[in-house]
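Pasted below: my_file_19.cif, mmCIF, C-alpha atoms.
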```
data_start
loop_
_atom_site.label_atom_id
_atom_site.label_comp_id
_atom_site.auth_asym_id
_atom_site.auth_seq_id
_atom_site.Cartn_x
_atom_site.Cartn_y
_atom_site.Cartn_z
CA MET A 125 -7.80 5.55 -25.35
CA ASP A 126 -7.01 2.87 -22.77
CA ALA A 127 -8.90 3.71 -19.56
CA ALA A 128 -5.77 2.91 -17.56
CA ARG A 129 -3.61 5.41 -19.43
CA PRO A 130 -2.43 8.09 -16.99
CA ILE A 131 -3.25 11.72 -17.52
CA ILE A 132 -0.79 14.47 -16.78
CA PRO A 133 -2.03 16.44 -13.76
CA SER A 134 -1.41 20.14 -13.51
CA GLY A 135 0.84 21.49 -10.80
CA PHE A 136 3.91 19.31 -11.42
CA GLU A 137 5.89 21.73 -13.53
CA SER A 138 9.32 22.57 -12.16
CA GLY A 139 9.36 25.42 -9.71
CA SER A 140 11.58 28.45 -9.96
CA PRO A 141 15.26 27.52 -9.83
CA GLY A 142 16.84 27.68 -6.42
CA GLU A 143 20.53 27.42 -5.73
CA GLY A 144 21.77 24.65 -8.00
CA ALA A 145 18.47 22.83 -8.72
CA PRO A 146 14.78 23.53 -9.28
CA ARG A 147 12.75 23.50 -6.10
CA ALA A 148 9.74 21.24 -5.73
CA THR A 149 6.30 22.59 -6.52
CA PRO A 150 3.85 22.83 -3.59
CA VAL A 151 1.99 19.75 -4.88
CA MET A 152 5.19 17.74 -5.12
CA GLU A 153 6.28 18.90 -1.67
CA GLN A 154 2.98 17.57 -0.31
CA TYR A 155 3.42 14.27 -2.16
CA ILE A 156 6.98 13.81 -0.87
CA GLU A 157 5.87 14.51 2.71
CA ILE A 158 3.03 11.98 2.56
CA LYS A 159 5.21 9.39 0.83
CA ALA A 160 7.90 9.80 3.50
CA ALA A 161 5.31 8.87 6.12
CA ASN A 162 4.42 5.70 4.18
CA PRO A 163 7.76 4.46 2.81
CA ASP A 164 6.80 0.77 2.65
CA CYS A 165 3.68 1.34 0.52
CA LEU A 166 2.85 2.28 -3.02
CA LEU A 167 1.13 5.65 -2.67
CA PHE A 168 -2.14 6.14 -4.57
CA TYR A 169 -2.22 9.95 -4.59
CA ARG A 170 -5.65 11.33 -5.51
CA MET A 171 -5.69 14.02 -8.19
CA GLY A 172 -9.13 14.67 -9.61
CA ASP A 173 -10.48 11.49 -11.22
CA PHE A 174 -7.18 9.58 -11.01
CA TYR A 175 -4.86 8.08 -8.43
CA GLU A 176 -1.35 9.09 -9.49
CA LEU A 177 1.95 7.43 -8.57
CA PHE A 178 5.35 9.08 -8.85
CA PHE A 179 9.07 8.29 -8.72
CA GLU A 180 9.91 4.64 -7.94
CA ASP A 181 6.27 3.88 -7.05
CA ALA A 182 5.31 4.76 -10.62
CA GLU A 183 7.98 2.48 -12.07
CA VAL A 184 6.94 -0.44 -9.85
CA ALA A 185 3.21 0.01 -10.50
CA ALA A 186 3.62 0.47 -14.25
CA ARG A 187 5.54 -2.81 -14.50
CA ALA A 188 3.11 -4.68 -12.24
CA LEU A 189 -0.05 -3.40 -13.91
CA GLY A 190 1.15 -3.14 -17.50
CA ILE A 191 0.16 0.52 -17.76
CA VAL A 192 1.93 3.45 -19.38
CA LEU A 193 4.87 5.00 -17.54
CA THR A 194 5.33 8.63 -18.41
CA LYS A 195 7.01 11.63 -16.79
CA ARG A 196 6.11 15.13 -15.79
CA GLY A 197 8.32 17.94 -14.61
CA LYS A 198 11.59 17.55 -12.75
CA HIS A 199 12.74 17.14 -9.17
CA LEU A 200 16.33 17.92 -8.18
CA GLY A 201 17.13 18.20 -11.87
CA ARG A 202 15.77 14.76 -12.81
CA ASP A 203 12.59 13.74 -14.63
CA ILE A 204 9.72 12.60 -12.41
CA PRO A 205 8.35 9.17 -13.49
CA MET A 206 4.56 9.04 -13.29
CA CYS A 207 1.67 6.69 -13.96
CA GLY A 208 -1.95 6.68 -12.90
CA VAL A 209 -5.16 4.68 -12.66
CA PRO A 210 -8.72 6.03 -12.99
CA ILE A 211 -10.83 6.16 -9.85
CA HIS A 212 -13.61 4.05 -11.35
CA ARG A 213 -11.15 1.16 -11.90
CA ALA A 214 -9.17 1.57 -8.68
CA ASP A 215 -10.47 -1.64 -7.06
CA GLU A 216 -9.36 -3.67 -10.06
CA TYR A 217 -5.82 -2.32 -9.91
CA LEU A 218 -5.66 -2.53 -6.12
CA ASN A 219 -6.62 -6.20 -6.32
CA ARG A 220 -3.82 -6.90 -8.80
CA LEU A 221 -1.21 -5.07 -6.73
CA ILE A 222 -2.27 -6.77 -3.49
CA ALA A 223 -2.18 -10.17 -5.21
CA LEU A 224 1.44 -9.44 -6.12
CA GLY A 225 2.29 -8.74 -2.47
CA HIS A 226 2.34 -4.93 -2.53
CA ARG A 227 0.98 -2.67 0.21
CA VAL A 228 -0.95 0.36 -1.00
CA ALA A 229 -1.59 3.60 0.89
CA VAL A 230 -4.68 5.37 -0.46
CA CYS A 231 -4.32 9.15 -0.23
CA GLU A 232 -7.50 11.17 -0.76
CA GLN A 233 -8.33 14.85 -1.11
CA ILE A 234 -9.82 15.80 2.26
CA GLU A 235 -11.08 19.24 1.38
CA ASP A 236 -12.92 20.90 -1.46
CA PRO A 237 -10.58 22.60 -3.98
CA ALA A 238 -12.67 25.75 -3.54
CA GLU A 239 -11.60 25.88 0.11
CA ALA A 240 -7.94 25.61 -0.91
CA LYS A 241 -8.35 28.55 -3.29
CA LYS A 242 -9.56 30.71 -0.40
CA ARG A 243 -6.09 30.34 1.17
CA GLY A 244 -4.43 31.76 -1.94
CA GLY A 245 -3.84 30.96 -5.59
CA LYS A 246 -0.90 28.62 -4.91
CA SER A 247 -2.48 26.74 -2.01
CA VAL A 248 -2.63 22.95 -2.36
CA VAL A 249 -5.74 20.90 -1.64
CA ARG A 250 -5.26 19.07 1.66
CA ARG A 251 -4.69 15.34 1.26
CA ASP A 252 -4.06 12.49 3.66
CA VAL A 253 -3.83 8.71 3.70
CA ILE A 254 -7.23 7.34 4.68
CA ARG A 255 -6.25 3.66 4.70
CA VAL A 256 -3.43 1.24 4.02
CA VAL A 257 -4.54 -1.75 1.95
CA THR A 258 -2.79 -5.08 2.54
CA PRO A 259 -3.80 -8.66 1.70
CA GLY A 260 -5.17 -9.30 5.19
CA THR A 261 -7.07 -6.02 5.63
CA LEU A 262 -9.35 -6.07 2.61
CA THR A 263 -13.01 -5.27 3.31
CA GLU A 264 -14.40 -4.41 -0.12
CA ASP A 265 -16.65 -7.09 -1.62
CA THR A 266 -15.10 -6.40 -5.01
CA LEU A 267 -11.67 -7.40 -3.69
CA LEU A 268 -12.72 -10.49 -1.72
CA ASP A 269 -13.56 -14.06 -2.65
CA ALA A 270 -17.07 -14.68 -1.30
CA ARG A 271 -16.35 -18.42 -1.08
CA ARG A 272 -13.60 -18.18 1.56
CA ASN A 273 -12.44 -16.19 4.57
CA ASN A 274 -9.63 -13.68 4.27
CA TYR A 275 -7.68 -14.01 7.51
CA LEU A 276 -5.05 -11.72 8.97
CA LEU A 277 -2.91 -14.05 11.11
CA ALA A 278 -0.45 -13.03 13.85
CA ILE A 279 2.08 -15.53 15.21
CA ALA A 280 4.41 -15.24 18.22
CA ARG A 281 6.40 -17.65 20.36
CA ALA A 282 4.37 -18.62 23.42
CA ARG A 283 5.88 -16.82 26.42
CA ALA A 284 6.07 -19.95 28.57
CA SER A 285 8.04 -21.78 25.90
CA ILE A 286 10.73 -19.28 24.91
CA ALA A 287 13.48 -21.52 26.25
CA GLU A 288 12.39 -24.60 24.36
CA ASP A 289 11.24 -22.61 21.34
CA SER A 290 8.58 -25.17 20.49
CA ARG A 291 5.15 -23.61 20.99
CA PHE A 292 3.49 -20.70 19.24
CA ALA A 293 0.56 -18.41 19.99
CA LEU A 294 -1.74 -17.60 17.07
CA ALA A 295 -4.48 -15.01 16.65
CA TRP A 296 -6.44 -14.54 13.45
CA ILE A 297 -9.25 -12.29 12.31
CA ASP A 298 -11.37 -11.84 9.21
CA ILE A 299 -11.84 -8.08 9.24
CA SER A 300 -14.64 -8.26 6.68
CA THR A 301 -16.81 -10.43 8.97
CA GLY A 302 -15.44 -9.74 12.46
CA GLU A 303 -14.60 -13.40 13.12
CA PHE A 304 -11.72 -13.67 15.62
CA ARG A 305 -9.95 -16.73 17.05
CA ILE A 306 -6.86 -17.59 19.11
CA ALA A 307 -4.93 -20.83 19.55
CA GLU A 308 -1.61 -22.33 20.64
CA ARG A 309 0.29 -24.88 18.57
CA ASP A 310 3.60 -26.72 18.58
CA ARG A 311 5.93 -26.38 15.61
CA GLY A 312 4.30 -29.22 13.68
CA GLY A 313 0.81 -27.98 14.47
CA LEU A 314 1.74 -24.47 13.37
CA ALA A 315 2.38 -25.60 9.81
CA ALA A 316 -0.93 -27.46 9.71
CA GLU A 317 -2.84 -24.46 11.09
CA ILE A 318 -1.37 -22.09 8.53
CA ALA A 319 -2.30 -24.53 5.76
CA ARG A 320 -5.84 -24.83 7.12
CA LEU A 321 -6.43 -21.09 7.50
CA GLU A 322 -4.79 -20.03 4.22
CA PRO A 323 -4.38 -16.48 5.59
CA GLY A 324 -4.20 -13.53 3.26
CA GLU A 325 -1.45 -12.02 5.39
CA ILE A 326 0.77 -13.15 8.27
CA ILE A 327 2.29 -10.84 10.90
CA VAL A 328 5.42 -12.04 12.73
CA SER A 329 8.44 -10.56 14.47
CA ASP A 330 11.73 -10.14 12.62
CA ALA A 331 13.14 -13.03 14.67
CA LEU A 332 10.40 -15.42 13.56
CA TYR A 333 10.61 -14.22 9.98
CA GLY A 334 14.30 -15.04 10.00
CA ASP A 335 13.76 -18.55 11.40
CA ALA A 336 14.89 -20.85 8.58
CA ALA A 337 12.72 -23.71 9.85
CA LEU A 338 9.58 -21.56 9.60
CA ALA A 339 10.44 -19.88 6.31
CA PRO A 340 8.57 -22.39 4.09
CA TYR A 341 5.31 -21.65 5.93
CA LEU A 342 5.71 -17.89 6.37
CA ARG A 343 6.92 -17.01 2.89
CA SER A 344 4.88 -19.31 0.68
#
```

Let me see the structure of the file written as structure tokens.
Amino acid sequence: MDAARPIIPSGFESGSPGEGAPRATPVMEQYIEIKAANPDCLLFYRMGDFYELFFEDAEVAARALGIVLTKRGKHLGRDIPMCGVPIHRADEYLNRLIALGHRVAVCEQIEDPAEAKKRGGKSVVRRDVIRVVTPGTLTEDTLLDARRNNYLLAIARARASIAEDSRFALAWIDISTGEFRIAERDRGGLAAEIARLEPGEIIVSDALYGDAALAPYLRS
């Protein structure tokens, strides 16, 4: 069997019908709560030896990774799409998702299942997001190119030049090495600096992101 093929975790069967639609199971309620706190990320939700993804996250990840999309149980009367990746290959799949521009929130079990059982038979193992993985925040050697830096670059208009809109403040860091630098550049120098640094990720304000003149450098 393909190692990337998702398994069907227990605990996602439909709950007892409420008024008009099945209610969510305790596990699904936990998933929905954690996902709501991380709406801009694909949520890697730890269940045993797999990270599982559900709903739209599952559909996006299955297409991006070329893995099987299946379903398990229902929520509000509709099937729940699901896919998963094994823990021992998580770095490989994370690397592929990050390379495609996705952000990934990694949600781990933060207590022993035996402790959850002490709270009652239907208690859910506590889980929480332990990190959000983005192109500029990688630290794992397995996800980095040893031949080059992986910079996280922040850009803002220099305060003294707001009126003329011609100078920019830059700060960049390689989180994996601790290297940190700052600089100020004019519009022409900004393009050259971005090309020189080849950052893994750029952070800008909505106003800068919407600047048509900067778009070729910020969205390449």

Using all atoms listed in the file, find each residue of region 200-314 of chain A with at least one atom at most 8 Å away from an atom of region 148-168 of chain A; report its shortest atom-to-atom pair and that distance in Å (one decimal), sort the rows by chain and rising residue number, and return the result as JSON lines.
```
{"residue": "A:Leu200", "atom": "CA", "partner": "A:Ala148", "partner_atom": "CA", "distance": 7.8}
{"residue": "A:His226", "atom": "CA", "partner": "A:Cys165", "partner_atom": "CA", "distance": 7.1}
{"residue": "A:Arg227", "atom": "CA", "partner": "A:Cys165", "partner_atom": "CA", "distance": 4.8}
{"residue": "A:Val228", "atom": "CA", "partner": "A:Leu166", "partner_atom": "CA", "distance": 4.7}
{"residue": "A:Ala229", "atom": "CA", "partner": "A:Leu167", "partner_atom": "CA", "distance": 4.9}
{"residue": "A:Val230", "atom": "CA", "partner": "A:Phe168", "partner_atom": "CA", "distance": 4.9}
{"residue": "A:Cys231", "atom": "CA", "partner": "A:Phe168", "partner_atom": "CA", "distance": 5.7}
{"residue": "A:Lys246", "atom": "CA", "partner": "A:Pro150", "partner_atom": "CA", "distance": 7.6}
{"residue": "A:Ser247", "atom": "CA", "partner": "A:Pro150", "partner_atom": "CA", "distance": 7.6}
{"residue": "A:Val248", "atom": "CA", "partner": "A:Val151", "partner_atom": "CA", "distance": 6.2}
{"residue": "A:Asp252", "atom": "CA", "partner": "A:Ile158", "partner_atom": "CA", "distance": 7.2}
{"residue": "A:Val253", "atom": "CA", "partner": "A:Ile158", "partner_atom": "CA", "distance": 7.7}
{"residue": "A:Val256", "atom": "CA", "partner": "A:Cys165", "partner_atom": "CA", "distance": 7.9}
```

- [ ] Go through the shown structure with the PyMOL selection byres ((chain A and resi 306) around 6) and write out the matching residues as a list in words.
- [x]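 In the shown coordinates, the PyMOL selection byres ((chain A and resi 306) around 6) covers Leu294, Ala295, Arg305 and Ala307 of chain A.
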
Could I get the residues of region 259-293 of chain A with an atom no further than 10 Å from an atom of region 331-338 of chain A, each paired with its nearest atom pair and that distance in Å to one decimal, using only C-alpha atoms, sorted by chain and residue number, as a Markdown table?
```
| residue | atom | partner | partner_atom | distance |
| --- | --- | --- | --- | --- |
| A:Ile279 | CA | A:Leu332 | CA | 8.5 |
| A:Ala280 | CA | A:Leu332 | CA | 7.6 |
| A:Arg281 | CA | A:Leu332 | CA | 8.2 |
```

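Taking CA of Thr301 (chain A) as the reference point, CA of Thr261 (chain A) is found at 11.2 Å.
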
- [ ] Name all residues at most 10 Å from region 314-326 of chain A (count only C-alpha atoms; drop same-chain ones fewer than 3 positions away) and give them as a PyMOL selection string.
- [x] chain A and resi 222-223+225+258-262+272-279+290-294+296-298+307-311+338+340-343

- [ ] State, in Å with one decimal place, the distance from CA of Pro237 (chain A) to CA of Gly208 (chain A).
- [x] 20.2 Å

TODO: Would you mind reading off the distance between CA of Asn219 (chain A) and CA of Leu267 (chain A), one decimal, in Å?
DONE: 5.8 Å

TODO: Please write as a list in words the full residue list that the PyMOL selection byres ((chain A and resi 178-182) around 8) yields on this file.
DONE: Leu166, Leu167, Glu176, Leu177, Glu183, Val184, Ala185, Ala186, Leu193, Ile204, Pro205, Met206, Cys207 and Gly208 of chain A

TODO: Return as a ChimeraX atom specification the set of residues that the PyMOL selection byres ((chain A and resi 175) around 8) yields on the displayed structure.
DONE: /A:168-174,176-177,208-211,214

Open item on the list: Measuring between all atoms listed in the file, which one of A:Ala339, A:Val328, A:Leu218, A:Val192 shows the shortest distance to Thr266 (chain A)?
Closed with: A:Leu218

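Counting only C-alpha atoms, the residue from A:Leu221, A:Arg202, A:Gly244, A:Ala270 that sits nearest to Val257 (chain A) is A:Leu221.
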